[in-house]
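To be precise, the following lines are final-v5.cif, and they hold mmCIF, N, CA and C atoms and all ligand atoms.
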```
data_upload
#
loop_
_atom_site.label_atom_id
_atom_site.label_comp_id
_atom_site.auth_asym_id
_atom_site.auth_seq_id
_atom_site.Cartn_x
_atom_site.Cartn_y
_atom_site.Cartn_z
N MET A 15 82.34 116.87 102.16
CA MET A 15 81.34 115.99 102.75
C MET A 15 81.23 116.32 104.24
N THR A 16 80.03 116.68 104.68
CA THR A 16 79.85 116.96 106.10
C THR A 16 79.79 115.65 106.88
N GLU A 17 79.91 115.72 108.19
CA GLU A 17 79.84 114.52 109.02
C GLU A 17 78.47 113.85 108.85
N ALA A 18 77.40 114.68 108.78
CA ALA A 18 76.05 114.11 108.62
C ALA A 18 75.93 113.38 107.29
N THR A 19 76.49 113.96 106.23
CA THR A 19 76.45 113.32 104.91
C THR A 19 77.22 111.99 104.96
N TYR A 20 78.39 112.04 105.56
CA TYR A 20 79.22 110.84 105.67
C TYR A 20 78.47 109.73 106.42
N ASN A 21 77.90 110.08 107.56
CA ASN A 21 77.20 109.07 108.37
C ASN A 21 76.00 108.50 107.64
N THR A 22 75.29 109.35 106.91
CA THR A 22 74.16 108.89 106.11
C THR A 22 74.64 107.90 105.05
N LEU A 23 75.76 108.22 104.41
CA LEU A 23 76.33 107.34 103.39
C LEU A 23 76.74 105.98 103.97
N VAL A 24 77.36 106.00 105.14
CA VAL A 24 77.76 104.74 105.80
C VAL A 24 76.51 103.89 106.06
N HIS A 25 75.48 104.50 106.63
CA HIS A 25 74.28 103.74 106.98
C HIS A 25 73.52 103.25 105.75
N ARG A 26 73.48 104.08 104.70
CA ARG A 26 72.79 103.67 103.46
C ARG A 26 73.52 102.48 102.82
N CYS A 27 74.86 102.57 102.78
CA CYS A 27 75.65 101.46 102.21
C CYS A 27 75.50 100.19 103.06
N ALA A 28 75.43 100.35 104.38
CA ALA A 28 75.24 99.19 105.26
C ALA A 28 73.88 98.56 105.00
N ASP A 29 72.85 99.38 104.87
CA ASP A 29 71.50 98.87 104.59
C ASP A 29 71.47 98.12 103.26
N LEU A 30 72.07 98.72 102.22
CA LEU A 30 72.08 98.08 100.90
C LEU A 30 72.91 96.79 100.91
N SER A 31 74.02 96.80 101.65
CA SER A 31 74.86 95.61 101.74
C SER A 31 74.11 94.46 102.40
N LYS A 32 73.33 94.80 103.44
CA LYS A 32 72.52 93.78 104.12
C LYS A 32 71.43 93.27 103.18
N GLU A 33 70.73 94.21 102.53
CA GLU A 33 69.62 93.85 101.65
C GLU A 33 70.07 92.96 100.50
N TRP A 34 71.24 93.22 99.94
CA TRP A 34 71.70 92.48 98.76
C TRP A 34 72.80 91.47 99.09
N ASP A 35 73.01 91.24 100.40
CA ASP A 35 74.00 90.27 100.85
C ASP A 35 75.40 90.56 100.26
N LEU A 36 75.83 91.81 100.39
CA LEU A 36 77.14 92.22 99.87
C LEU A 36 78.16 92.29 101.01
N ASP A 37 79.42 92.23 100.64
CA ASP A 37 80.51 92.31 101.61
C ASP A 37 81.20 93.67 101.45
N PRO A 38 81.00 94.59 102.42
CA PRO A 38 81.57 95.93 102.28
C PRO A 38 83.04 96.03 102.63
N LYS A 39 83.65 94.95 103.11
CA LYS A 39 85.05 95.03 103.54
C LYS A 39 85.95 95.35 102.34
N PRO A 40 87.14 95.95 102.62
CA PRO A 40 88.08 96.22 101.53
C PRO A 40 88.30 94.98 100.66
N LEU A 41 88.35 95.17 99.36
CA LEU A 41 88.46 94.10 98.36
C LEU A 41 87.18 93.28 98.28
N GLY A 42 86.10 93.81 98.84
CA GLY A 42 84.81 93.14 98.79
C GLY A 42 83.94 93.71 97.68
N ASP A 43 82.67 93.96 98.01
CA ASP A 43 81.71 94.36 96.98
C ASP A 43 81.47 95.87 96.86
N LEU A 44 82.04 96.65 97.76
CA LEU A 44 81.87 98.11 97.67
C LEU A 44 83.00 98.70 96.83
N TRP A 45 82.65 99.34 95.73
CA TRP A 45 83.67 99.88 94.83
C TRP A 45 83.42 101.36 94.59
N LEU A 46 84.51 102.09 94.40
CA LEU A 46 84.40 103.46 93.93
C LEU A 46 84.14 103.44 92.43
N HIS A 47 83.46 104.45 91.93
CA HIS A 47 83.26 104.59 90.49
C HIS A 47 84.63 104.48 89.77
N GLN A 48 85.63 105.13 90.35
CA GLN A 48 86.99 105.13 89.80
C GLN A 48 87.57 103.71 89.73
N GLU A 49 87.27 102.87 90.73
CA GLU A 49 87.80 101.50 90.73
C GLU A 49 87.15 100.64 89.65
N VAL A 50 85.93 101.01 89.26
CA VAL A 50 85.22 100.24 88.23
C VAL A 50 85.71 100.61 86.83
N VAL A 51 85.77 101.94 86.57
CA VAL A 51 86.13 102.38 85.21
C VAL A 51 87.62 102.62 85.04
N GLY A 52 88.34 102.74 86.16
CA GLY A 52 89.79 102.84 86.08
C GLY A 52 90.39 104.22 85.88
N TRP A 53 89.57 105.23 85.61
CA TRP A 53 90.17 106.54 85.35
C TRP A 53 89.41 107.68 86.03
N LYS A 54 88.13 107.53 86.27
CA LYS A 54 87.31 108.65 86.73
C LYS A 54 87.66 109.05 88.17
N ASP A 55 87.73 110.35 88.41
CA ASP A 55 88.06 110.90 89.72
C ASP A 55 86.80 110.95 90.58
N CYS A 56 86.25 109.76 90.88
CA CYS A 56 84.93 109.71 91.52
C CYS A 56 84.87 108.49 92.46
N HIS A 57 84.48 108.68 93.60
CA HIS A 57 84.20 109.83 94.43
C HIS A 57 85.53 110.53 94.78
N ARG A 58 85.65 111.80 94.39
CA ARG A 58 86.93 112.51 94.48
C ARG A 58 87.59 112.43 95.85
N TRP A 59 86.81 112.67 96.93
CA TRP A 59 87.40 112.66 98.27
C TRP A 59 88.05 111.29 98.55
N PHE A 60 87.36 110.22 98.24
CA PHE A 60 87.90 108.88 98.53
C PHE A 60 89.04 108.52 97.58
N VAL A 61 88.96 108.95 96.30
CA VAL A 61 90.06 108.68 95.36
C VAL A 61 91.33 109.36 95.87
N GLN A 62 91.18 110.58 96.38
CA GLN A 62 92.35 111.34 96.84
C GLN A 62 92.76 110.97 98.27
N ASN A 63 91.90 110.27 98.98
CA ASN A 63 92.21 109.86 100.36
C ASN A 63 91.90 108.37 100.53
N PRO A 64 92.75 107.51 99.94
CA PRO A 64 92.46 106.07 99.96
C PRO A 64 92.32 105.47 101.37
N LEU A 65 93.03 106.04 102.35
CA LEU A 65 92.89 105.51 103.71
C LEU A 65 91.49 105.78 104.24
N SER A 66 90.92 106.93 103.86
CA SER A 66 89.54 107.25 104.26
C SER A 66 88.55 106.29 103.60
N TRP A 67 88.86 105.88 102.38
CA TRP A 67 88.00 104.92 101.69
C TRP A 67 88.00 103.58 102.42
N HIS A 68 89.18 103.12 102.82
CA HIS A 68 89.25 101.86 103.57
C HIS A 68 88.54 101.98 104.91
N LYS A 69 88.73 103.11 105.57
CA LYS A 69 88.06 103.34 106.85
C LYS A 69 86.54 103.35 106.65
N PHE A 70 86.11 103.98 105.56
CA PHE A 70 84.68 104.01 105.24
C PHE A 70 84.14 102.58 105.09
N GLN A 71 84.84 101.75 104.32
CA GLN A 71 84.40 100.37 104.11
C GLN A 71 84.32 99.62 105.44
N GLU A 72 85.32 99.84 106.30
CA GLU A 72 85.30 99.18 107.60
C GLU A 72 84.13 99.67 108.46
N GLU A 73 83.82 100.96 108.34
CA GLU A 73 82.69 101.49 109.12
C GLU A 73 81.36 100.96 108.60
N VAL A 74 81.24 100.78 107.29
CA VAL A 74 80.03 100.18 106.73
C VAL A 74 79.87 98.77 107.29
N PHE A 75 80.98 98.01 107.31
CA PHE A 75 80.95 96.65 107.84
C PHE A 75 80.57 96.66 109.32
N GLU A 76 81.13 97.62 110.07
CA GLU A 76 80.83 97.74 111.51
C GLU A 76 79.33 98.00 111.73
N VAL A 77 78.77 98.91 110.96
CA VAL A 77 77.34 99.23 111.08
C VAL A 77 76.49 98.02 110.66
N MET A 78 76.94 97.31 109.62
CA MET A 78 76.23 96.09 109.17
C MET A 78 76.14 95.05 110.28
N LYS A 79 77.23 94.94 111.07
CA LYS A 79 77.27 93.96 112.16
C LYS A 79 76.46 94.43 113.37
N GLY A 80 75.85 95.61 113.26
CA GLY A 80 75.05 96.11 114.37
C GLY A 80 75.79 97.10 115.23
N GLY A 81 77.02 97.45 114.85
CA GLY A 81 77.79 98.44 115.58
C GLY A 81 77.25 99.83 115.29
N ASN A 82 77.80 100.80 115.94
CA ASN A 82 77.34 102.18 115.75
C ASN A 82 78.52 103.12 115.68
N ILE A 83 78.66 103.81 114.56
CA ILE A 83 79.73 104.81 114.47
C ILE A 83 79.22 106.17 114.92
N LEU A 84 77.87 106.29 115.01
CA LEU A 84 77.31 107.56 115.47
C LEU A 84 77.43 107.61 116.98
N GLY A 85 77.54 108.80 117.52
CA GLY A 85 77.62 108.92 118.97
C GLY A 85 79.05 108.82 119.48
N LYS A 86 79.96 108.31 118.62
CA LYS A 86 81.36 108.30 119.02
C LYS A 86 81.88 109.73 118.89
N VAL A 87 82.68 110.16 119.86
CA VAL A 87 83.20 111.52 119.82
C VAL A 87 84.13 111.67 118.61
N PHE A 88 85.01 110.69 118.41
CA PHE A 88 85.89 110.67 117.25
C PHE A 88 85.85 109.27 116.65
N ARG A 89 85.88 109.21 115.32
CA ARG A 89 85.82 107.92 114.65
C ARG A 89 86.99 107.00 115.00
N ASP A 90 88.16 107.59 115.22
CA ASP A 90 89.36 106.78 115.40
C ASP A 90 89.75 106.59 116.87
N VAL A 91 88.80 106.86 117.78
CA VAL A 91 89.07 106.61 119.20
C VAL A 91 88.09 105.54 119.68
N ALA A 92 88.58 104.32 119.81
CA ALA A 92 87.74 103.21 120.25
C ALA A 92 87.33 103.41 121.70
N ASP A 93 86.13 102.93 122.03
CA ASP A 93 85.61 103.09 123.39
C ASP A 93 86.53 102.48 124.44
N ASP A 94 87.25 101.40 124.08
CA ASP A 94 88.10 100.72 125.05
C ASP A 94 89.54 101.23 125.04
N ARG A 95 89.79 102.31 124.31
CA ARG A 95 91.13 102.89 124.31
C ARG A 95 91.42 103.45 125.70
N TRP A 96 92.66 103.30 126.18
CA TRP A 96 92.99 103.71 127.55
C TRP A 96 92.69 105.18 127.81
N SER A 97 92.80 106.03 126.79
CA SER A 97 92.62 107.47 126.97
C SER A 97 91.24 107.97 126.53
N ALA A 98 90.34 107.05 126.14
CA ALA A 98 89.06 107.44 125.52
C ALA A 98 88.25 108.40 126.39
N LYS A 99 88.15 108.12 127.70
CA LYS A 99 87.34 108.97 128.58
C LYS A 99 87.91 110.39 128.68
N ASP A 100 89.23 110.49 128.78
CA ASP A 100 89.86 111.82 128.88
C ASP A 100 89.74 112.58 127.56
N ILE A 101 89.86 111.87 126.44
CA ILE A 101 89.70 112.52 125.13
C ILE A 101 88.28 113.06 125.01
N GLU A 102 87.30 112.24 125.43
CA GLU A 102 85.90 112.64 125.38
C GLU A 102 85.66 113.88 126.25
N LYS A 103 86.26 113.89 127.45
CA LYS A 103 86.08 115.01 128.37
C LYS A 103 86.76 116.28 127.83
N ALA A 104 87.95 116.11 127.26
CA ALA A 104 88.67 117.26 126.68
C ALA A 104 87.87 117.87 125.53
N LYS A 105 87.22 117.00 124.76
CA LYS A 105 86.37 117.48 123.65
C LYS A 105 85.15 118.23 124.21
N ALA A 106 84.52 117.63 125.25
CA ALA A 106 83.34 118.24 125.86
C ALA A 106 83.66 119.60 126.47
N LEU A 107 84.88 119.75 126.99
CA LEU A 107 85.31 121.02 127.57
C LEU A 107 85.71 122.04 126.51
N GLY A 108 85.78 121.60 125.27
CA GLY A 108 86.17 122.50 124.19
C GLY A 108 87.68 122.70 124.07
N LEU A 109 88.45 121.82 124.72
CA LEU A 109 89.91 121.97 124.69
C LEU A 109 90.51 121.47 123.39
N ILE A 110 89.89 120.45 122.81
CA ILE A 110 90.43 119.83 121.59
C ILE A 110 89.31 119.67 120.57
N ALA A 111 89.71 119.49 119.34
CA ALA A 111 88.76 119.23 118.26
C ALA A 111 89.37 118.19 117.33
N GLY A 112 88.52 117.59 116.52
CA GLY A 112 89.02 116.62 115.55
C GLY A 112 89.27 117.29 114.21
N ASP A 113 89.65 116.48 113.23
CA ASP A 113 89.84 117.04 111.89
C ASP A 113 88.49 117.08 111.17
N SER A 114 88.51 117.52 109.93
CA SER A 114 87.25 117.70 109.19
C SER A 114 86.57 116.38 108.86
N ASN A 115 87.27 115.27 109.09
CA ASN A 115 86.69 113.96 108.81
C ASN A 115 86.25 113.23 110.08
N GLY A 116 86.26 113.96 111.21
CA GLY A 116 85.79 113.37 112.45
C GLY A 116 86.81 112.50 113.17
N ASN A 117 88.06 112.61 112.77
CA ASN A 117 89.12 111.83 113.43
C ASN A 117 89.89 112.70 114.41
N PHE A 118 90.41 112.06 115.46
CA PHE A 118 91.22 112.76 116.45
C PHE A 118 92.71 112.53 116.22
N ASN A 119 93.05 111.40 115.63
CA ASN A 119 94.46 111.04 115.41
C ASN A 119 95.18 110.96 116.76
N PRO A 120 94.75 110.02 117.62
CA PRO A 120 95.23 109.98 119.01
C PRO A 120 96.73 109.80 119.20
N THR A 121 97.43 109.25 118.23
CA THR A 121 98.88 109.08 118.39
C THR A 121 99.66 110.11 117.55
N GLY A 122 98.95 111.10 117.00
CA GLY A 122 99.62 112.14 116.21
C GLY A 122 100.41 113.10 117.10
N GLN A 123 101.24 113.91 116.45
CA GLN A 123 102.07 114.86 117.19
C GLN A 123 101.33 116.19 117.39
N LEU A 124 101.64 116.85 118.48
CA LEU A 124 101.06 118.15 118.81
C LEU A 124 102.06 119.24 118.41
N THR A 125 101.59 120.27 117.70
CA THR A 125 102.49 121.38 117.36
C THR A 125 102.53 122.37 118.52
N ARG A 126 103.51 123.26 118.51
CA ARG A 126 103.63 124.29 119.56
C ARG A 126 102.40 125.20 119.55
N GLU A 127 101.89 125.53 118.35
CA GLU A 127 100.71 126.40 118.30
C GLU A 127 99.46 125.69 118.83
N GLN A 128 99.34 124.39 118.54
CA GLN A 128 98.20 123.64 119.09
C GLN A 128 98.30 123.57 120.61
N ALA A 129 99.52 123.38 121.12
CA ALA A 129 99.72 123.35 122.58
C ALA A 129 99.32 124.69 123.20
N ALA A 130 99.69 125.79 122.54
CA ALA A 130 99.35 127.12 123.05
C ALA A 130 97.83 127.30 123.10
N VAL A 131 97.14 126.87 122.03
CA VAL A 131 95.68 127.00 121.98
C VAL A 131 95.02 126.18 123.09
N ILE A 132 95.49 124.95 123.28
CA ILE A 132 94.92 124.10 124.33
C ILE A 132 95.13 124.72 125.71
N MET A 133 96.34 125.27 125.95
CA MET A 133 96.61 125.87 127.27
C MET A 133 95.71 127.09 127.51
N VAL A 134 95.52 127.91 126.50
CA VAL A 134 94.66 129.10 126.67
C VAL A 134 93.21 128.67 126.88
N ARG A 135 92.76 127.67 126.11
CA ARG A 135 91.39 127.17 126.29
C ARG A 135 91.20 126.61 127.70
N LEU A 136 92.20 125.89 128.19
CA LEU A 136 92.14 125.33 129.55
C LEU A 136 92.07 126.46 130.58
N TYR A 137 92.90 127.49 130.36
CA TYR A 137 92.88 128.66 131.25
C TYR A 137 91.48 129.28 131.29
N GLU A 138 90.85 129.41 130.11
CA GLU A 138 89.51 129.98 130.03
C GLU A 138 88.50 129.11 130.78
N VAL A 139 88.62 127.80 130.64
CA VAL A 139 87.72 126.87 131.31
C VAL A 139 87.85 127.01 132.83
N ILE A 140 89.10 127.08 133.30
CA ILE A 140 89.35 127.19 134.75
C ILE A 140 88.83 128.54 135.26
N LYS A 141 89.12 129.59 134.49
CA LYS A 141 88.70 130.95 134.88
C LYS A 141 87.17 131.05 134.99
N GLU A 142 86.48 130.34 134.05
CA GLU A 142 85.02 130.38 134.07
C GLU A 142 84.44 129.40 135.08
N GLY A 143 85.29 128.57 135.68
CA GLY A 143 84.85 127.64 136.71
C GLY A 143 83.94 126.53 136.21
N LYS A 144 84.17 126.06 134.98
CA LYS A 144 83.34 124.99 134.42
C LYS A 144 83.65 123.66 135.09
ZN ZN B 1 80.91 108.59 89.68
#
```

Just give me the structure of the file as structure tokens.
Amino acid sequence: MTEATYNTLVHRCADLSKEWDLDPKPLGDLWLHQEVVGWKDCHRWFVQNPLSWHKFQEEVFEVMKGGNILGKVFRDVADDRWSAKDIEKAKALGLIAGDSNGNFNPTGQLTREQAAVIMVRLYEVIKEGK
């Protein structure tokens, strides 16, 4: 699922939830096909990544309330997070990237190879005088 597909799905579910007065929060009215029939591996990504499914439901609820998940640099970095501006700037400079689901994982651990890549990217940025 690309980020564009994901965002479209969030907004479509938010629109339908509003239209039909549904509650998208976890244990609410949004169900996976697998949760209804009990066995089907559908939607596969969410069945295999239950935390992403809960995050999806929360994002649908956020969009329903008039919030916006689009335009955020990373889904899991709140605007009021103490490091949000620096994370945004590091992303804009090309020093860091998120995972394939648009998350940064701000409290995750950095590996030695990731540290090496960031240092070289920073060196390139400084060398180019950006
Ligand atoms: Zn299905």

For this session: For ligand ZN 1 (chain B), collect every residue having any atom at a distance of at most 6 Å from a ligand atom (counting all atoms listed in the file); output as an NGL selection string.
Result: :A and (47-48 or 56-57)

For this session: Please provide the set of residues having any atom within 12 Å of Val61 in chain A, restricted to only C-alpha atoms, with same-chain residues fewer than 3 positions apart removed, written as a list in words.
Result: Trp45, Leu46, His47, Gln48, Glu49, Gly52, Trp53, Lys54, Asp55, Cys56, His57, Arg58, Pro64, Leu65, Ser66, Trp67 and His68 of chain A

For this session: Extract the full set of alpha helix (DSSP H) residues from chain A according to DSSP on the backbone, and format it as number ranges by chain.
Result: A: 17-33, 47-51, 58-62, 64-78, 98-106, 126-142

For this session: Might you pull out every residue within 12 Å of range 122-126 of chain A, with only C-alpha atoms counted and same-chain residues fewer than 5 positions away left off, and present them as number ranges by chain?
Result: A: 90, 110, 112-113, 117, 131-133

Would you export the selected residues with N, CA and C atoms as a compact mmCIF listing (two decimals), in the coordinates of the input, please?
```
# COMPACT_ATOMS: atom_id res chain seq x y z
N ASP A 90 88.16 107.59 115.22
CA ASP A 90 89.36 106.78 115.40
C ASP A 90 89.75 106.59 116.87
N ILE A 110 89.89 120.45 122.81
CA ILE A 110 90.43 119.83 121.59
C ILE A 110 89.31 119.67 120.57
N GLY A 112 88.52 117.59 116.52
CA GLY A 112 89.02 116.62 115.55
C GLY A 112 89.27 117.29 114.21
N ASP A 113 89.65 116.48 113.23
CA ASP A 113 89.84 117.04 111.89
C ASP A 113 88.49 117.08 111.17
N ASN A 117 88.06 112.61 112.77
CA ASN A 117 89.12 111.83 113.43
C ASN A 117 89.89 112.70 114.41
N VAL A 131 97.14 126.87 122.03
CA VAL A 131 95.68 127.00 121.98
C VAL A 131 95.02 126.18 123.09
N ILE A 132 95.49 124.95 123.28
CA ILE A 132 94.92 124.10 124.33
C ILE A 132 95.13 124.72 125.71
N MET A 133 96.34 125.27 125.95
CA MET A 133 96.61 125.87 127.27
C MET A 133 95.71 127.09 127.51
```

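As for atom C of Cys27 in chain A and atom C of Lys69 in chain A, they are spaced 12.0 Å apart.
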
Problem set entry | Coordinates-based distance that separates atom C of Asp35 in chain A from atom N of Gly80 in chain A (Å, one decimal) |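 Separating atom N of Gly80 in chain A from atom C of Asp35 in chain A is a distance of 14.0 Å.
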
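Using all atoms listed in the file, the shortest contact distance between Lys39 in chain A and any of A:Gln128, A:Leu109, A:Glu72, A:Ala92 is found at A:Glu72.
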
For this session: Find the residues around Met78 in chain A up to 6.5 Å (all atoms listed in the file counted), leave out those fewer than 3 positions away in its own chain, and share them as a list in words.
Result: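 That gives Ala28, Asp29, Glu73, Val74, Phe75 and Gly81 of chain A.
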
Exercise. Which polymer residues have any atom within 8 Å of an atom of Met15 in chain A, counting only N, CA and C atoms, with same-chain residues fewer than 2 positions away left out, as a list in words?
Worked result: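 The neighbour list is Glu17, Ala18, Thr19, Tyr20, Asn21, Trp59, Ser114 and Asn115 of chain A.
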
Calculate, to one decimal in Å, the centre and edge lengths of the box along x, y and z of the file that holds all listed atoms of range 118-122 of chain A with 6 Å of margin on each side, and present them as JSON.
```
{"center_x": 95.4, "center_y": 111.1, "center_z": 117.3, "size_x": 22.0, "size_y": 16.0, "size_z": 15.8}
```

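A straight line drawn from atom N of Gln62 in chain A to CA of Thr16 in chain A is 16.2 Å long.
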